[in-house]
file input.cif (mmCIF, C-alpha atoms and all ligand atoms)
data_run
#
loop_
_atom_site.group_PDB
_atom_site.id
_atom_site.type_symbol
_atom_site.label_atom_id
_atom_site.label_comp_id
_atom_site.auth_asym_id
_atom_site.auth_seq_id
_atom_site.Cartn_x
_atom_site.Cartn_y
_atom_site.Cartn_z
ATOM 1 C CA MET A 1 25.768 18.391 -4.905
ATOM 2 C CA LYS A 2 22.997 17.837 -7.419
ATOM 3 C CA ILE A 3 19.634 16.598 -6.144
ATOM 4 C CA LEU A 4 16.650 15.558 -8.264
ATOM 5 C CA VAL A 5 13.055 15.338 -7.021
ATOM 6 C CA THR A 6 11.131 13.208 -9.514
ATOM 7 C CA ARG A 7 7.578 14.370 -8.778
ATOM 8 C CA ARG A 8 5.466 17.255 -7.490
ATOM 9 C CA LEU A 9 5.311 17.041 -3.681
ATOM 10 C CA PRO A 10 3.356 19.008 -1.045
ATOM 11 C CA GLU A 11 4.163 22.741 -1.100
ATOM 12 C CA THR A 12 6.179 22.854 2.143
ATOM 13 C CA VAL A 13 8.360 19.966 1.003
ATOM 14 C CA MET A 14 8.901 21.593 -2.398
ATOM 15 C CA ARG A 15 10.052 24.777 -0.625
ATOM 16 C CA ARG A 16 12.565 22.828 1.466
ATOM 17 C CA ALA A 17 13.797 20.951 -1.633
ATOM 18 C CA HIS A 18 14.196 24.279 -3.490
ATOM 19 C CA ALA A 19 16.200 25.651 -0.554
ATOM 20 C CA LEU A 20 18.539 22.658 -0.909
ATOM 21 C CA GLY A 21 19.007 23.591 -4.563
ATOM 22 C CA ALA A 22 17.169 20.538 -5.871
ATOM 23 C CA THR A 23 15.930 20.233 -9.427
ATOM 24 C CA ILE A 24 12.235 19.420 -9.255
ATOM 25 C CA HIS A 25 10.316 17.568 -11.945
ATOM 26 C CA ASP A 26 7.186 19.539 -11.007
ATOM 27 C CA SER A 27 4.676 17.108 -12.454
ATOM 28 C CA ASP A 28 2.360 14.264 -11.463
ATOM 29 C CA VAL A 29 3.571 12.281 -14.472
ATOM 30 C CA PRO A 30 6.491 9.948 -13.738
ATOM 31 C CA LEU A 31 9.775 10.434 -15.607
ATOM 32 C CA THR A 32 10.392 7.995 -18.459
ATOM 33 C CA SER A 33 12.684 5.069 -17.874
ATOM 34 C CA ASP A 34 15.345 6.753 -20.070
ATOM 35 C CA ALA A 35 15.108 9.932 -17.995
ATOM 36 C CA ARG A 36 15.523 7.903 -14.788
ATOM 37 C CA SER A 37 18.594 6.136 -16.196
ATOM 38 C CA GLU A 38 20.052 9.492 -17.208
ATOM 39 C CA ALA A 39 19.272 10.917 -13.768
ATOM 40 C CA LEU A 40 21.408 8.185 -12.188
ATOM 41 C CA GLN A 41 24.346 9.555 -14.198
ATOM 42 C CA THR A 42 23.558 13.246 -13.628
ATOM 43 C CA TYR A 43 22.554 13.643 -9.973
ATOM 44 C CA ASP A 44 24.200 12.791 -6.645
ATOM 45 C CA ALA A 45 20.861 12.158 -4.945
ATOM 46 C CA ILE A 46 17.410 11.271 -6.255
ATOM 47 C CA LEU A 47 14.161 11.610 -4.313
ATOM 48 C CA CYS A 48 11.766 9.272 -6.107
ATOM 49 C CA THR A 49 8.425 7.635 -5.429
ATOM 50 C CA LEU A 50 5.977 4.901 -6.402
ATOM 51 C CA GLY A 51 5.953 4.383 -10.158
ATOM 52 C CA ASP A 52 9.607 5.428 -10.552
ATOM 53 C CA ARG A 53 11.029 2.005 -11.395
ATOM 54 C CA PHE A 54 14.778 1.546 -10.857
ATOM 55 C CA SER A 55 15.502 -1.941 -12.192
ATOM 56 C CA SER A 56 18.772 -3.875 -11.902
ATOM 57 C CA ASP A 57 19.891 -3.058 -15.479
ATOM 58 C CA MET A 58 19.915 0.646 -14.577
ATOM 59 C CA PHE A 59 22.739 -0.048 -12.121
ATOM 60 C CA ALA A 60 24.892 -1.954 -14.630
ATOM 61 C CA GLU A 61 26.975 1.168 -15.388
ATOM 62 C CA PRO A 62 28.675 3.065 -12.523
ATOM 63 C CA THR A 63 26.337 5.837 -11.363
ATOM 64 C CA ARG A 64 27.016 9.374 -10.174
ATOM 65 C CA CYS A 65 23.976 8.963 -7.903
ATOM 66 C CA LYS A 66 24.865 7.632 -4.448
ATOM 67 C CA ILE A 67 21.470 7.773 -2.726
ATOM 68 C CA ILE A 68 17.901 7.077 -3.822
ATOM 69 C CA ALA A 69 15.533 8.360 -1.148
ATOM 70 C CA ASN A 70 12.112 6.854 -1.692
ATOM 71 C CA PHE A 71 9.038 8.916 -0.791
ATOM 72 C CA GLY A 72 7.041 5.965 0.590
ATOM 73 C CA VAL A 73 7.543 2.936 2.780
ATOM 74 C CA GLY A 74 7.136 0.326 0.024
ATOM 75 C CA TYR A 75 10.137 0.231 -2.292
ATOM 76 C CA ASP A 76 9.368 -2.769 -4.506
ATOM 77 C CA HIS A 77 9.856 -0.463 -7.540
ATOM 78 C CA ILE A 78 13.565 -0.171 -6.693
ATOM 79 C CA ASP A 79 15.941 -3.117 -7.039
ATOM 80 C CA ALA A 80 17.583 -2.373 -3.702
ATOM 81 C CA ALA A 81 20.046 -5.285 -3.940
ATOM 82 C CA ALA A 82 21.314 -4.107 -7.342
ATOM 83 C CA ALA A 83 21.494 -0.529 -6.050
ATOM 84 C CA ARG A 84 23.490 -1.617 -2.998
ATOM 85 C CA ALA A 85 25.863 -3.654 -5.168
ATOM 86 C CA ALA A 86 26.421 -0.523 -7.265
ATOM 87 C CA GLY A 87 27.168 1.519 -4.135
ATOM 88 C CA VAL A 88 23.824 3.354 -4.117
ATOM 89 C CA GLU A 89 22.126 3.746 -0.733
ATOM 90 C CA VAL A 90 18.312 3.310 -0.724
ATOM 91 C CA THR A 91 16.130 4.808 2.005
ATOM 92 C CA ASN A 92 12.367 4.872 2.676
ATOM 93 C CA THR A 93 9.818 6.560 4.955
ATOM 94 C CA PRO A 94 8.551 4.031 7.525
ATOM 95 C CA GLY A 95 6.302 4.857 10.478
ATOM 96 C CA VAL A 96 4.817 8.188 9.453
ATOM 97 C CA LEU A 97 2.142 6.617 7.233
ATOM 98 C CA THR A 98 1.274 3.646 9.450
ATOM 99 C CA ASP A 99 -1.919 5.028 11.007
ATOM 100 C CA ALA A 100 -3.160 6.699 7.826
ATOM 101 C CA THR A 101 -2.821 3.453 5.862
ATOM 102 C CA ALA A 102 -4.397 1.370 8.632
ATOM 103 C CA ASP A 103 -7.231 3.920 8.826
ATOM 104 C CA LEU A 104 -7.854 3.502 5.109
ATOM 105 C CA ALA A 105 -7.901 -0.289 5.485
ATOM 106 C CA MET A 106 -10.515 0.165 8.249
ATOM 107 C CA THR A 107 -12.463 2.533 5.971
ATOM 108 C CA LEU A 108 -12.523 -0.049 3.185
ATOM 109 C CA MET A 109 -13.484 -2.837 5.587
ATOM 110 C CA LEU A 110 -16.404 -0.863 7.019
ATOM 111 C CA MET A 111 -17.507 0.303 3.572
ATOM 112 C CA VAL A 112 -17.562 -3.266 2.292
ATOM 113 C CA LEU A 113 -19.227 -4.785 5.377
ATOM 114 C CA ARG A 114 -21.936 -2.101 5.344
ATOM 115 C CA ARG A 115 -22.203 -1.876 1.537
ATOM 116 C CA ALA A 116 -21.489 1.853 1.673
ATOM 117 C CA SER A 117 -20.352 2.168 -1.970
ATOM 118 C CA GLU A 118 -23.530 0.520 -3.233
ATOM 119 C CA GLY A 119 -25.577 2.712 -0.899
ATOM 120 C CA GLU A 120 -23.800 5.855 -2.039
ATOM 121 C CA ARG A 121 -24.377 4.949 -5.689
ATOM 122 C CA LEU A 122 -28.090 4.383 -4.988
ATOM 123 C CA ALA A 123 -28.477 7.621 -3.036
ATOM 124 C CA ARG A 124 -26.818 9.601 -5.846
ATOM 125 C CA SER A 125 -28.771 7.879 -8.617
ATOM 126 C CA GLY A 126 -32.096 9.460 -7.705
ATOM 127 C CA ASP A 127 -33.659 5.952 -7.792
ATOM 128 C CA TRP A 128 -33.941 5.435 -4.048
ATOM 129 C CA THR A 129 -37.574 4.768 -3.243
ATOM 130 C CA GLY A 130 -37.249 4.929 0.554
ATOM 131 C CA TRP A 131 -36.307 2.927 3.651
ATOM 132 C CA THR A 132 -37.318 -0.720 3.766
ATOM 133 C CA PRO A 133 -36.598 -3.368 6.412
ATOM 134 C CA THR A 134 -34.665 -5.545 3.959
ATOM 135 C CA GLN A 135 -32.828 -3.036 1.817
ATOM 136 C CA MET A 136 -29.084 -3.401 1.308
ATOM 137 C CA LEU A 137 -28.413 -5.492 4.386
ATOM 138 C CA GLY A 138 -24.738 -5.583 5.224
ATOM 139 C CA ARG A 139 -22.799 -7.466 7.858
ATOM 140 C CA GLY A 140 -21.808 -6.502 11.375
ATOM 141 C CA VAL A 141 -18.259 -5.790 12.466
ATOM 142 C CA THR A 142 -18.426 -6.396 16.223
ATOM 143 C CA GLY A 143 -17.255 -9.904 17.092
ATOM 144 C CA ALA A 144 -16.240 -10.722 13.502
ATOM 145 C CA THR A 145 -12.784 -12.206 12.875
ATOM 146 C CA LEU A 146 -10.163 -10.128 11.122
ATOM 147 C CA GLY A 147 -7.340 -12.099 9.512
ATOM 148 C CA ILE A 148 -4.199 -10.056 8.937
ATOM 149 C CA ALA A 149 -1.800 -11.384 6.295
ATOM 150 C CA GLY A 150 1.458 -9.656 7.229
ATOM 151 C CA MET A 151 1.713 -8.363 10.819
ATOM 152 C CA GLY A 152 4.188 -5.516 10.268
ATOM 153 C CA ARG A 153 3.653 -1.932 11.439
ATOM 154 C CA ILE A 154 0.518 -1.330 9.365
ATOM 155 C CA GLY A 155 -0.969 -4.784 10.026
ATOM 156 C CA GLN A 156 -0.524 -4.256 13.773
ATOM 157 C CA ALA A 157 -2.056 -0.767 13.624
ATOM 158 C CA MET A 158 -5.131 -2.132 11.837
ATOM 159 C CA ALA A 159 -5.373 -5.050 14.279
ATOM 160 C CA ARG A 160 -5.317 -2.661 17.256
ATOM 161 C CA LYS A 161 -7.965 -0.378 15.752
ATOM 162 C CA ALA A 162 -10.168 -3.364 14.875
ATOM 163 C CA HIS A 163 -9.687 -5.142 18.212
ATOM 164 C CA PHE A 164 -9.918 -2.273 20.687
ATOM 165 C CA GLY A 165 -12.175 0.005 18.644
ATOM 166 C CA PHE A 166 -14.546 -2.493 17.041
ATOM 167 C CA GLY A 167 -14.363 -5.630 19.231
ATOM 168 C CA MET A 168 -13.017 -7.829 16.432
ATOM 169 C CA LYS A 169 -11.131 -11.077 17.027
ATOM 170 C CA ILE A 170 -7.709 -11.117 15.378
ATOM 171 C CA CYS A 171 -5.711 -13.869 13.734
ATOM 172 C CA TYR A 172 -2.620 -13.334 11.627
ATOM 173 C CA THR A 173 0.281 -14.671 9.625
ATOM 174 C CA ALA A 174 3.727 -13.120 9.924
ATOM 175 C CA ARG A 175 7.386 -13.604 9.203
ATOM 176 C CA GLY A 176 9.590 -13.591 12.312
ATOM 177 C CA ASP A 177 8.512 -13.205 15.950
ATOM 178 C CA LYS A 178 6.005 -10.521 16.867
ATOM 179 C CA ALA A 179 5.616 -9.162 20.396
ATOM 180 C CA LEU A 180 1.994 -7.983 20.314
ATOM 181 C CA ASP A 181 0.276 -5.927 23.004
ATOM 182 C CA PHE A 182 -3.152 -7.404 22.209
ATOM 183 C CA LEU A 183 -4.661 -10.880 21.921
ATOM 184 C CA ALA A 184 -4.238 -12.456 18.502
ATOM 185 C CA ASP A 185 -3.857 -16.007 17.178
ATOM 186 C CA ARG A 186 -0.885 -16.729 14.960
ATOM 187 C CA VAL A 187 -1.915 -19.235 12.273
ATOM 188 C CA ASP A 188 -0.833 -20.428 8.820
ATOM 189 C CA LEU A 189 -2.241 -18.854 5.660
ATOM 190 C CA GLN A 190 -4.693 -21.714 5.027
ATOM 191 C CA THR A 191 -6.165 -21.396 8.542
ATOM 192 C CA LEU A 192 -6.239 -17.612 8.216
ATOM 193 C CA ALA A 193 -8.257 -17.925 4.999
ATOM 194 C CA GLU A 194 -10.640 -20.462 6.524
ATOM 195 C CA THR A 195 -11.177 -18.484 9.747
ATOM 196 C CA ALA A 196 -11.312 -14.843 8.703
ATOM 197 C CA ASP A 197 -14.546 -12.987 8.027
ATOM 198 C CA VAL A 198 -12.343 -10.208 6.697
ATOM 199 C CA LEU A 199 -8.879 -10.966 5.311
ATOM 200 C CA ALA A 200 -6.694 -7.855 5.178
ATOM 201 C CA VAL A 201 -3.435 -7.879 3.215
ATOM 202 C CA HIS A 202 -0.499 -6.013 4.773
ATOM 203 C CA ALA A 203 2.495 -7.807 3.246
ATOM 204 C CA PRO A 204 5.118 -5.868 1.287
ATOM 205 C CA GLY A 205 5.075 -6.276 -2.497
ATOM 206 C CA GLY A 206 7.810 -7.762 -4.658
ATOM 207 C CA ALA A 207 8.991 -11.214 -5.715
ATOM 208 C CA ALA A 208 8.763 -12.792 -2.246
ATOM 209 C CA THR A 209 5.034 -12.092 -1.815
ATOM 210 C CA ARG A 210 3.804 -12.082 -5.448
ATOM 211 C CA HIS A 211 0.393 -13.786 -5.658
ATOM 212 C CA MET A 212 0.606 -14.914 -2.040
ATOM 213 C CA ILE A 213 -3.186 -14.417 -2.015
ATOM 214 C CA ASN A 214 -4.199 -16.758 -4.816
ATOM 215 C CA ARG A 215 -6.871 -19.213 -5.908
ATOM 216 C CA ASP A 216 -6.060 -21.618 -3.044
ATOM 217 C CA VAL A 217 -6.673 -18.812 -0.570
ATOM 218 C CA PHE A 218 -9.965 -17.775 -2.216
ATOM 219 C CA GLU A 219 -11.118 -21.414 -2.255
ATOM 220 C CA ALA A 220 -10.318 -21.744 1.455
ATOM 221 C CA MET A 221 -12.177 -18.520 2.375
ATOM 222 C CA LYS A 222 -15.810 -18.546 3.512
ATOM 223 C CA PRO A 223 -18.314 -17.603 0.784
ATOM 224 C CA THR A 224 -19.187 -14.691 3.066
ATOM 225 C CA GLY A 225 -15.494 -13.713 3.287
ATOM 226 C CA ILE A 226 -14.174 -10.292 2.353
ATOM 227 C CA LEU A 227 -10.711 -9.340 1.059
ATOM 228 C CA ILE A 228 -9.143 -5.949 1.810
ATOM 229 C CA ASN A 229 -5.881 -4.883 0.130
ATOM 230 C CA THR A 230 -4.100 -1.640 0.919
ATOM 231 C CA ALA A 231 -0.589 -3.110 0.508
ATOM 232 C CA ARG A 232 0.526 -3.824 -3.061
ATOM 233 C CA GLY A 233 -1.542 -5.059 -5.994
ATOM 234 C CA ASP A 234 0.777 -7.914 -6.911
ATOM 235 C CA VAL A 235 0.440 -9.600 -3.508
ATOM 236 C CA VAL A 236 -3.011 -10.665 -4.758
ATOM 237 C CA ASP A 237 -3.551 -12.678 -7.951
ATOM 238 C CA GLN A 238 -5.977 -10.154 -9.449
ATOM 239 C CA LYS A 239 -7.340 -12.458 -12.185
ATOM 240 C CA GLN A 240 -8.177 -15.094 -9.583
ATOM 241 C CA LEU A 241 -9.686 -12.440 -7.314
ATOM 242 C CA ILE A 242 -12.002 -11.314 -10.109
ATOM 243 C CA ALA A 243 -12.978 -14.961 -10.753
ATOM 244 C CA ALA A 244 -13.652 -15.515 -7.039
ATOM 245 C CA LEU A 245 -15.817 -12.377 -6.856
ATOM 246 C CA GLN A 246 -17.710 -13.314 -10.031
ATOM 247 C CA SER A 247 -18.358 -16.909 -8.931
ATOM 248 C CA GLY A 248 -19.319 -15.994 -5.371
ATOM 249 C CA ALA A 249 -16.367 -17.971 -3.923
ATOM 250 C CA ILE A 250 -15.908 -14.881 -1.743
ATOM 251 C CA ALA A 251 -18.488 -12.191 -1.011
ATOM 252 C CA ALA A 252 -16.722 -8.903 -1.666
ATOM 253 C CA ALA A 253 -13.478 -6.945 -1.750
ATOM 254 C CA GLY A 254 -12.175 -3.504 -0.869
ATOM 255 C CA LEU A 255 -9.106 -2.491 -2.842
ATOM 256 C CA ASP A 256 -6.758 0.490 -2.760
ATOM 257 C CA VAL A 257 -4.000 -1.102 -4.882
ATOM 258 C CA TYR A 258 -3.949 -3.085 -8.134
ATOM 259 C CA GLU A 259 -1.723 -5.223 -10.313
ATOM 260 C CA GLY A 260 -0.590 -3.017 -13.192
ATOM 261 C CA GLU A 261 -1.706 0.190 -11.403
ATOM 262 C CA PRO A 262 -3.123 2.667 -12.459
ATOM 263 C CA ASP A 263 -5.030 0.372 -14.841
ATOM 264 C CA ILE A 264 -8.005 -1.249 -13.174
ATOM 265 C CA PRO A 265 -9.499 -4.026 -15.318
ATOM 266 C CA ALA A 266 -13.011 -3.390 -16.657
ATOM 267 C CA GLU A 267 -14.216 -6.724 -15.149
ATOM 268 C CA LEU A 268 -13.236 -5.455 -11.697
ATOM 269 C CA ARG A 269 -14.817 -2.040 -12.241
ATOM 270 C CA ALA A 270 -18.055 -3.720 -13.392
ATOM 271 C CA LEU A 271 -18.531 -5.646 -10.137
ATOM 272 C CA GLU A 272 -21.067 -4.326 -7.600
ATOM 273 C CA ASN A 273 -19.433 -6.201 -4.715
ATOM 274 C CA VAL A 274 -16.148 -4.279 -4.770
ATOM 275 C CA THR A 275 -15.161 -0.935 -3.318
ATOM 276 C CA LEU A 276 -12.316 0.604 -5.296
ATOM 277 C CA LEU A 277 -10.051 3.460 -4.231
ATOM 278 C CA PRO A 278 -7.126 5.039 -6.144
ATOM 279 C CA HIS A 279 -4.174 4.180 -3.849
ATOM 280 C CA LEU A 280 -5.069 6.629 -1.079
ATOM 281 C CA GLY A 281 -3.474 4.767 1.872
ATOM 282 C CA SER A 282 -1.089 7.531 2.939
ATOM 283 C CA ALA A 283 -3.003 10.392 1.329
ATOM 284 C CA THR A 284 -3.334 12.993 4.077
ATOM 285 C CA LEU A 285 -1.511 16.320 3.897
ATOM 286 C CA GLU A 286 0.246 15.811 7.244
ATOM 287 C CA VAL A 287 1.470 12.362 6.266
ATOM 288 C CA ARG A 288 2.643 13.347 2.801
ATOM 289 C CA GLU A 289 4.536 16.312 4.309
ATOM 290 C CA ALA A 290 6.123 13.996 6.865
ATOM 291 C CA MET A 291 7.088 11.539 4.112
ATOM 292 C CA GLY A 292 8.673 14.320 2.055
ATOM 293 C CA ASN A 293 10.600 15.676 5.015
ATOM 294 C CA MET A 294 11.814 12.213 5.951
ATOM 295 C CA ALA A 295 13.072 11.601 2.418
ATOM 296 C CA LEU A 296 14.891 14.956 2.464
ATOM 297 C CA ASP A 297 16.327 14.195 5.939
ATOM 298 C CA ASN A 298 17.834 11.036 4.471
ATOM 299 C CA ILE A 299 19.349 12.934 1.548
ATOM 300 C CA GLU A 300 20.719 15.704 3.773
ATOM 301 C CA ALA A 301 22.231 13.214 6.216
ATOM 302 C CA PHE A 302 23.865 11.301 3.384
ATOM 303 C CA LEU A 303 25.260 14.347 1.631
ATOM 304 C CA ASN A 304 26.659 15.639 4.943
ATOM 305 C CA GLY A 305 28.430 12.347 5.580
ATOM 306 C CA ARG A 306 26.131 11.255 8.418
ATOM 307 C CA GLN A 307 24.397 7.879 8.846
ATOM 308 C CA VAL A 308 21.069 7.936 6.948
ATOM 309 C CA PRO A 309 18.133 7.585 9.373
ATOM 310 C CA ASN A 310 16.075 5.166 7.255
ATOM 311 C CA PRO A 311 18.150 2.766 5.163
ATOM 312 C CA VAL A 312 16.083 -0.094 3.714
HETATM 313 C C1 LIG B 401 3.906 3.525 0.341
HETATM 314 O O1 LIG B 401 4.406 4.347 1.112
HETATM 315 O O2 LIG B 401 4.483 2.493 0.037
HETATM 316 C C2 LIG B 401 2.543 3.802 -0.190
HETATM 317 O O3 LIG B 401 2.055 2.794 -0.983
HETATM 318 C C3 LIG B 401 2.492 5.137 -0.877
HETATM 319 O O4 LIG B 401 2.301 5.985 0.162
#
call {"tool": "encode", "arguments": {"input": "input.cif", "output": "structure tokens", "more": "lines below"}}
Ligand code: DGY
result
Amino acid sequence: MKILVTRRLPETVMRRAHALGATIHDSDVPLTSDARSEALQTYDAILCTLGDRFSSDMFAEPTRCKIIANFGVGYDHIDAAAARAAGVEVTNTPGVLTDATADLAMTLMLMVLRRASEGERLARSGDWTGWTPTQMLGRGVTGATLGIAGMGRIGQAMARKAHFGFGMKICYTARGDKALDFLADRVDLQTLAETADVLAVHAPGGAATRHMINRDVFEAMKPTGILINTARGDVVDQKQLIAALQSGAIAAAGLDVYEGEPDIPAELRALENVTLLPHLGSATLEVREAMGNMALDNIEAFLNGRQVPNPV
């Protein structure tokens, strides 16, 4: 059985993949689209990740590949319906990155509320002239309302941390019923935008959620409102977000993901009232090892004729 790993992974995962006889594209640079198409014809199993787009046209021809195991929970880069129709199983890595991603959303929220990026830039600049009673006044977290757009695993983890750890009130939008073990108001998106002091995006990316956070949402938000996005860049209309930040329609944003990643528009980078991170949601060693092992578990199960643990 031929297995391809499309990217450099943590050392322990690479060792396990080697032991399985996998070919490893030992690089941080994604394979080209042609190389991915060819891989579908050459390998029985492909372990891929964010940035490795598998679009419907790649499944037009019959493939040798029978499983694509995604290293990551979000799989909007893979046309899973087209893969399934072509007889290719797609799996992902849910659960293991929930807390890490929610922690990063909390980090961004606190950084934005307390203007930590601006403060850090000032401290580093050598221009700080000393403490003053009115310098860089941020906003408090205790008692503020957190609006969660998308109450899945990561949304719930952030809500719990914010509610029990920081005394925040929670409101949310969600698809389907949610049995929550904490107090939270379920509302529609308009009410969420109007009510939230901090609006955190936790919806999956892809066609169904594209630009769900748009100009209407920014117009409904309080001028003191803050947007946090650790989900997928295309859930937010980035052009309209930049306009809302420039005009003062909303106060600030904390972003870990972008439309057209890894490009971050110059207009966004020029704004003082944004905190920008380079897609670090799941970036801890433990989590990335767990993600790699989960992806390999799926491949091993499939190749040994067992039910895959994490089909999408
Ligand atoms: C995911 O898992 O979808 C993240 O965005 C990458 O860790």
call {"tool": "closest_residue", "arguments": {"input": "input.cif", "among": "A:Asn214, A:Thr98, A:Thr191, A:Thr230", "to": "Tyr258 (chain A)", "atoms": "all atoms listed in the file"}}
result
A:Thr230
call {"tool": "atom_distance", "arguments": {"input": "input.cif", "atom1": "CA of Asp185 (chain A)", "atom2": "CA of Lys169 (chain A)"}}
result
8.8 Å
call {"tool": "closest_residue", "arguments": {"input": "input.cif", "among": "A:Ala102, A:Ala243, A:Met158, A:Ala270", "to": "ligand LIG 401 (chain B)", "atoms": "only C-alpha atoms and all ligand atoms"}}
result
A:Ala102
call {"tool": "closest_residue", "arguments": {"input": "input.cif", "among": "A:Met136, A:Met168, A:Ile154, A:Cys48", "to": "Ala105 (chain A)", "atoms": "all atoms listed in the file"}}
result
A:Ile154
call {"tool": "closest_residue", "arguments": {"input": "input.cif", "among": "A:Val73, A:Ile226, A:Met1, A:Ile213", "to": "Thr42 (chain A)", "atoms": "all atoms listed in the file"}}
result
A:Met1
call {"tool": "resolve_selection", "arguments": {"input": "input.cif", "expression": "the PyMOL selection byres (((not hetatm)) within 6 of (chain B and resi 401))", "output": "CSV table (one decimal) with C-alpha atoms, in the coordinates of the input"}}
result
chain,number,residue,atom,x,y,z
A,72,GLY,CA,7.0,6.0,0.6
A,73,VAL,CA,7.5,2.9,2.8
A,74,GLY,CA,7.1,0.3,0.0
A,282,SER,CA,-1.1,7.5,2.9
call {"tool": "decode", "arguments": {"input": "input.cif", "residues": "region 11-22 of chain A", "atoms": "N, CA and C atoms", "output": "PDB file, in the first residue's frame"}}
result
ATOM      1  N   GLU A  11       8.024  15.635  14.479  1.00  0.00           N
ATOM      2  CA  GLU A  11       9.002  14.539  14.413  1.00  0.00           C
ATOM      3  C   GLU A  11       8.422  13.154  14.732  1.00  0.00           C
ATOM      4  N   THR A  12       7.674  13.059  15.840  1.00  0.00           N
ATOM      5  CA  THR A  12       7.179  11.731  16.254  1.00  0.00           C
ATOM      6  C   THR A  12       6.191  11.180  15.219  1.00  0.00           C
ATOM      7  N   VAL A  13       5.441  12.073  14.610  1.00  0.00           N
ATOM      8  CA  VAL A  13       4.459  11.632  13.611  1.00  0.00           C
ATOM      9  C   VAL A  13       5.191  11.202  12.337  1.00  0.00           C
ATOM     10  N   MET A  14       6.245  11.948  12.000  1.00  0.00           N
ATOM     11  CA  MET A  14       7.045  11.596  10.815  1.00  0.00           C
ATOM     12  C   MET A  14       7.647  10.197  11.007  1.00  0.00           C
ATOM     13  N   ARG A  15       8.114   9.920  12.231  1.00  0.00           N
ATOM     14  CA  ARG A  15       8.726   8.600  12.490  1.00  0.00           C
ATOM     15  C   ARG A  15       7.691   7.491  12.283  1.00  0.00           C
ATOM     16  N   ARG A  16       6.483   7.741  12.808  1.00  0.00           N
ATOM     17  CA  ARG A  16       5.427   6.709  12.655  1.00  0.00           C
ATOM     18  C   ARG A  16       5.066   6.555  11.170  1.00  0.00           C
ATOM     19  N   ALA A  17       4.996   7.672  10.446  1.00  0.00           N
ATOM     20  CA  ALA A  17       4.654   7.594   9.012  1.00  0.00           C
ATOM     21  C   ALA A  17       5.746   6.841   8.250  1.00  0.00           C
ATOM     22  N   HIS A  18       7.012   7.110   8.594  1.00  0.00           N
ATOM     23  CA  HIS A  18       8.138   6.379   7.978  1.00  0.00           C
ATOM     24  C   HIS A  18       7.987   4.882   8.226  1.00  0.00           C
ATOM     25  N   ALA A  19       7.656   4.536   9.487  1.00  0.00           N
ATOM     26  CA  ALA A  19       7.527   3.112   9.841  1.00  0.00           C
ATOM     27  C   ALA A  19       6.425   2.446   9.022  1.00  0.00           C
ATOM     28  N   LEU A  20       5.430   3.227   8.610  1.00  0.00           N
ATOM     29  CA  LEU A  20       4.354   2.666   7.770  1.00  0.00           C
ATOM     30  C   LEU A  20       4.753   2.633   6.299  1.00  0.00           C
ATOM     31  N   GLY A  21       5.972   3.112   6.020  1.00  0.00           N
ATOM     32  CA  GLY A  21       6.466   3.091   4.638  1.00  0.00           C
ATOM     33  C   GLY A  21       5.976   4.262   3.806  1.00  0.00           C
ATOM     34  N   ALA A  22       5.487   5.298   4.460  1.00  0.00           N
ATOM     35  CA  ALA A  22       4.928   6.436   3.713  1.00  0.00           C
ATOM     36  C   ALA A  22       6.013   7.222   2.990  1.00  0.00           C
TER      37      ALA A  22
END
